[in-house]
>>> print(open('final_14.pdb').read())   # PDB, C-alpha atoms
ATOM      1  CA  MET F 168     120.297 111.495  96.014
ATOM      2  CA  ASN F 169     122.221 109.562  93.414
ATOM      3  CA  TYR F 170     125.150 107.613  94.883
ATOM      4  CA  ILE F 171     128.203 106.620  92.796
ATOM      5  CA  GLU F 172     130.875 104.532  94.499
ATOM      6  CA  ALA F 173     134.247 103.772  92.924
ATOM      7  CA  PRO F 174     134.797 102.134  90.472
ATOM      8  CA  ASN F 175     131.337 102.875  88.976
ATOM      9  CA  LYS F 176     131.338 105.500  86.235
ATOM     10  CA  TYR F 177     129.129 108.575  86.030
ATOM     11  CA  ASN F 178     128.343 110.628  82.956
ATOM     12  CA  GLY F 179     125.298 112.602  84.097
ATOM     13  CA  LYS F 180     124.858 116.343  84.367
ATOM     14  CA  GLU F 181     123.232 116.701  87.809
ATOM     15  CA  LYS F 182     124.787 118.756  90.567
ATOM     16  CA  SER F 183     127.400 116.545  92.219
ATOM     17  CA  ILE F 184     129.899 116.431  95.050
ATOM     18  CA  PHE F 185     133.057 114.385  95.499
ATOM     19  CA  LEU F 186     133.759 113.207  99.065
ATOM     20  CA  ALA F 187     137.529 113.718  99.249
ATOM     21  CA  GLY F 188     139.260 112.521 102.397
ATOM     22  CA  GLY F 189     140.745 109.509 104.071
ATOM     23  CA  ILE F 190     139.644 106.072 102.908
ATOM     24  CA  THR F 191     142.438 104.026 104.469
ATOM     25  CA  ASN F 192     142.989 103.519 108.207
ATOM     26  CA  CYS F 193     140.124 105.800 109.240
ATOM     27  CA  TYR F 194     136.458 105.366 110.008
ATOM     28  CA  ASP F 195     133.855 105.543 107.237
ATOM     29  CA  TRP F 196     133.005 109.232 107.470
ATOM     30  CA  GLN F 197     131.723 109.159 103.859
ATOM     31  CA  LYS F 198     128.830 106.933 104.899
ATOM     32  CA  GLU F 199     127.871 109.391 107.635
ATOM     33  CA  VAL F 200     127.905 112.401 105.292
ATOM     34  CA  SER F 201     126.007 110.489 102.599
ATOM     35  CA  LYS F 202     123.243 109.644 105.086
ATOM     36  CA  LYS F 203     122.934 113.323 106.006
ATOM     37  CA  LEU F 204     122.500 114.249 102.318
ATOM     38  CA  LYS F 205     120.263 111.323 101.269
ATOM     39  CA  ASP F 206     117.093 113.374 100.703
ATOM     40  CA  LEU F 207     118.721 116.076  98.600
ATOM     41  CA  PRO F 208     118.971 116.501  94.811
ATOM     42  CA  ILE F 209     122.659 115.687  94.405
ATOM     43  CA  THR F 210     124.941 112.986  93.073
ATOM     44  CA  ILE F 211     127.594 111.848  95.520
ATOM     45  CA  PHE F 212     130.922 110.481  94.304
ATOM     46  CA  ASN F 213     132.421 108.260  96.980
ATOM     47  CA  PRO F 214     135.961 106.945  96.395
ATOM     48  CA  ARG F 215     135.714 104.511  99.319
ATOM     49  CA  ARG F 216     134.870 101.013  98.106
ATOM     50  CA  GLU F 217     133.181  98.398 100.240
ATOM     51  CA  ASN F 218     135.819  95.810  99.295
ATOM     52  CA  PHE F 219     139.159  97.112  98.139
ATOM     53  CA  SER F 220     142.729  96.060  98.634
ATOM     54  CA  GLY F 221     145.383  98.490  97.479
ATOM     55  CA  GLU F 222     147.943  95.695  97.274
ATOM     56  CA  ASP F 223     147.187  95.046  93.591
ATOM     57  CA  LEU F 224     148.913  97.738  91.508
ATOM     58  CA  ILE F 225     146.412  97.486  88.652
ATOM     59  CA  SER F 226     143.484  98.001  91.042
ATOM     60  CA  GLU F 227     145.337 100.869  92.703
ATOM     61  CA  GLN F 228     145.956 102.504  89.333
ATOM     62  CA  LYS F 229     142.258 102.180  88.405
ATOM     63  CA  GLN F 230     141.291 103.715  91.770
ATOM     64  CA  ILE F 231     143.602 106.695  91.262
ATOM     65  CA  LYS F 232     142.277 107.226  87.727
ATOM     66  CA  TRP F 233     138.650 107.029  88.937
ATOM     67  CA  GLU F 234     139.330 109.646  91.608
ATOM     68  CA  PHE F 235     141.157 111.907  89.144
ATOM     69  CA  GLU F 236     138.272 111.765  86.644
ATOM     70  CA  HIS F 237     135.449 112.172  89.163
ATOM     71  CA  LEU F 238     137.108 115.071  90.989
ATOM     72  CA  ARG F 239     136.927 116.864  87.642
ATOM     73  CA  LYS F 240     133.345 115.791  86.916
ATOM     74  CA  ALA F 241     132.064 116.959  90.309
ATOM     75  CA  THR F 242     130.310 120.305  90.632
ATOM     76  CA  ALA F 243     131.848 120.662  94.120
ATOM     77  CA  ILE F 244     134.367 118.876  96.333
ATOM     78  CA  SER F 245     133.982 118.237 100.036
ATOM     79  CA  PHE F 246     137.269 117.638 101.846
ATOM     80  CA  TYR F 247     137.381 116.013 105.262
ATOM     81  CA  PHE F 248     140.557 115.516 107.297
ATOM     82  CA  SER F 249     140.061 112.786 109.884
ATOM     83  CA  LYS F 250     142.299 112.465 112.926
ATOM     84  CA  GLU F 251     143.376 108.859 112.337
ATOM     85  CA  THR F 252     145.827 109.610 109.530
ATOM     86  CA  LEU F 253     147.672 112.538 107.937
ATOM     87  CA  ASN F 254     145.548 112.083 104.780
ATOM     88  CA  PRO F 255     148.483 112.698 102.406
ATOM     89  CA  ILE F 256     146.505 112.210  99.188
ATOM     90  CA  THR F 257     143.739 114.476 100.477
ATOM     91  CA  LEU F 258     146.349 117.157 101.198
ATOM     92  CA  LEU F 259     147.648 116.772  97.635
ATOM     93  CA  GLU F 260     144.133 117.035  96.190
ATOM     94  CA  LEU F 261     143.274 120.060  98.338
ATOM     95  CA  GLY F 262     146.458 121.797  97.215
ATOM     96  CA  SER F 263     145.497 121.213  93.592
ATOM     97  CA  TRP F 264     141.906 122.392  93.933
ATOM     98  CA  LEU F 265     142.625 125.472  96.048
ATOM     99  CA  ASN F 266     144.001 126.960  92.837
ATOM    100  CA  SER F 267     140.685 126.613  91.017
ATOM    101  CA  ASP F 268     137.288 128.244  91.109
ATOM    102  CA  LYS F 269     135.491 124.972  91.921
ATOM    103  CA  LYS F 270     133.128 125.081  94.911
ATOM    104  CA  LEU F 271     134.982 123.590  97.903
ATOM    105  CA  PHE F 272     133.856 122.586 101.381
ATOM    106  CA  ILE F 273     136.439 121.759 104.056
ATOM    107  CA  GLY F 274     135.915 119.941 107.322
ATOM    108  CA  ILE F 275     138.657 119.090 109.792
ATOM    109  CA  ASP F 276     138.485 116.844 112.837
ATOM    110  CA  PRO F 277     139.566 119.040 115.777
ATOM    111  CA  ASP F 278     142.315 116.509 116.597
ATOM    112  CA  TYR F 279     143.757 116.337 113.045
ATOM    113  CA  GLN F 280     147.542 116.717 113.300
ATOM    114  CA  LYS F 281     147.941 119.172 110.420
ATOM    115  CA  LYS F 282     144.831 121.245 111.160
ATOM    116  CA  PHE F 283     146.764 124.507 111.415
ATOM    117  CA  ASN F 284     148.487 123.913 108.044
ATOM    118  CA  VAL F 285     145.175 123.265 106.264
ATOM    119  CA  ILE F 286     143.583 126.357 107.827
ATOM    120  CA  ILE F 287     146.440 128.705 106.908
ATOM    121  CA  GLN F 288     146.957 127.369 103.372
ATOM    122  CA  THR F 289     143.223 127.578 102.684
ATOM    123  CA  LYS F 290     142.953 131.127 103.991
ATOM    124  CA  LEU F 291     145.941 132.216 101.896
ATOM    125  CA  ALA F 292     144.551 130.702  98.700
ATOM    126  CA  ARG F 293     140.767 131.019  99.130
ATOM    127  CA  SER F 294     139.830 133.215 102.085
ATOM    128  CA  GLU F 295     136.104 132.893 101.290
ATOM    129  CA  ILE F 296     136.042 129.212 102.320
ATOM    130  CA  GLU F 297     134.639 128.680 105.800
ATOM    131  CA  ILE F 298     136.361 125.678 107.386
ATOM    132  CA  VAL F 299     134.255 123.639 109.809
ATOM    133  CA  PHE F 300     135.212 121.165 112.521
ATOM    134  CA  SER F 301     132.540 118.464 112.458
ATOM    135  CA  LEU F 302     130.795 116.250 109.919
ATOM    136  CA  ASN F 303     127.454 117.791 110.938
ATOM    137  CA  GLU F 304     128.686 121.274 110.061
ATOM    138  CA  LEU F 305     130.170 119.993 106.805
ATOM    139  CA  ALA F 306     126.887 118.347 105.771
ATOM    140  CA  ASN F 307     124.979 121.509 106.750
ATOM    141  CA  GLN F 308     127.208 123.648 104.529
ATOM    142  CA  ILE F 309     126.540 121.341 101.591
ATOM    143  CA  LYS F 310     122.779 121.378 102.310
ATOM    144  CA  SER F 311     122.767 125.187 102.430
ATOM    145  CA  TRP F 312     124.569 125.369  99.100
ATOM    146  CA  LEU F 313     122.097 122.965  97.503
ATOM    147  CA  LEU F 314     119.019 124.598  98.940
ATOM    148  CA  THR F 315     120.199 128.120  98.072
ATOM    149  CA  ASP F 316     120.525 127.118  94.423
ATOM    150  CA  ILE F 317     117.047 125.520  94.417
ATOM    151  CA  ILE F 318     115.244 128.567  95.810
TER     152      ILE F 318
END
>>> encode(input="final_14.pdb", output="structure tokens")
Amino acid sequence: MNYIEAPNKYNGKEKSIFLAGGITNCYDWQKEVSKKLKDLPITIFNPRRENFSGEDLISEQKQIKWEFEHLRKATAISFYFSKETLNPITLLELGSWLNSDKKLFIGIDPDYQKKFNVIIQTKLARSEIEIVFSLNELANQIKSWLLTDII
């Protein structure tokens, strides 16, 4: 596994996945998913920084630009909706990418407040996407995708 955390740049060509989901006011689910994928041939783009304060507008702008660029560089995007927040930016990103042919994985905490909305919108736009309800299931979907392409 190759691990790229914001604001580090990536210009490689390996298969990659962007971990889209809450990074503010929620637990570090990205770390958990990254650990589950550590032995696989993939580059992970993680927007969550170890030390980041969104109070500086220049830093915030750089963060948004990094996410915008790396969502486009990624081979696939994994969305996760945690229960601690509504994840408004993640909802915006999901809405944008549902109208593409990019490989998407979607996980939702069972207690996420807008679970029903995400399920219905996803099914209307991309009925082939199987939504899961745990980080284990999300990581397993990604593993299956990677291993299927290797075989």
>>> closest_residue(input="final_14.pdb", among="F:Glu172, F:Ile273, F:Leu259, F:Gly188", to="Gln308 in chain F", atoms="all atoms listed in the file")
F:Ile273
>>> closest_residue(input="final_14.pdb", among="F:Cys193, F:Leu258, F:Ala173, F:Ile296", to="Lys232 in chain F", atoms="only C-alpha atoms")
F:Ala173
>>> closest_residue(input="final_14.pdb", among="F:Asn175, F:Ser245, F:Ser263, F:Gln197", to="Lys310 in chain F", atoms="only C-alpha atoms")
F:Ser245
>>> closest_residue(input="final_14.pdb", among="F:Glu181, F:Glu260, F:Asp195, F:Glu217", to="Ala241 in chain F", atoms="all atoms listed in the file")
F:Glu181
>>> closest_residue(input="final_14.pdb", among="F:Leu186, F:Pro174, F:Leu302, F:Asp278", to="Glu227 in chain F", atoms="only C-alpha atoms")
F:Pro174
>>> residues_near_point(input="final_14.pdb", point="(118.7, 121.0, 103.1)", cutoff="10 Å", atoms="all atoms listed in the file", output="list in words")
Lys203, Leu204, Lys205, Asp206, Leu207, Pro208, Ala306, Asn307, Gln308, Ile309, Lys310, Ser311, Trp312, Leu313, Leu314, Thr315 and Ile317 of chain F
>>> atom_distance(input="final_14.pdb", atom1="CA of Lys182 in chain F", atom2="CA of Thr210 in chain F")
6.3 Å
>>> residues_around(input="final_14.pdb", residues="Leu238 in chain F", least_positions_apart="6", cutoff="10 Å", atoms="only C-alpha atoms", output="list in words")
Ser183, Ile184, Phe185, Leu186, Ala187, Phe212, Pro214, Lys232, Ile244, Glu260 and Trp264 of chain F
>>> resolve_selection(input="final_14.pdb", expression="the PyMOL selection byres ((chain F and resi 248) around 10)", output="JSON, numbers by chain")
{"F": [187, 188, 189, 193, 196, 246, 247, 249, 250, 251, 252, 253, 254, 255, 257, 258, 273, 274, 275, 276, 277, 278, 279, 280, 281, 282, 285, 300, 301]}
>>> closest_residue(input="final_14.pdb", among="F:Leu271, F:Trp233, F:Tyr194, F:Thr242", to="Glu297 in chain F", atoms="all atoms listed in the file")
F:Leu271
>>> atom_distance(input="final_14.pdb", atom1="CA of Tyr177 in chain F", atom2="CA of Thr289 in chain F")
28.9 Å
>>> atom_distance(input="final_14.pdb", atom1="CA of Glu236 in chain F", atom2="CA of Asn266 in chain F")
17.4 Å
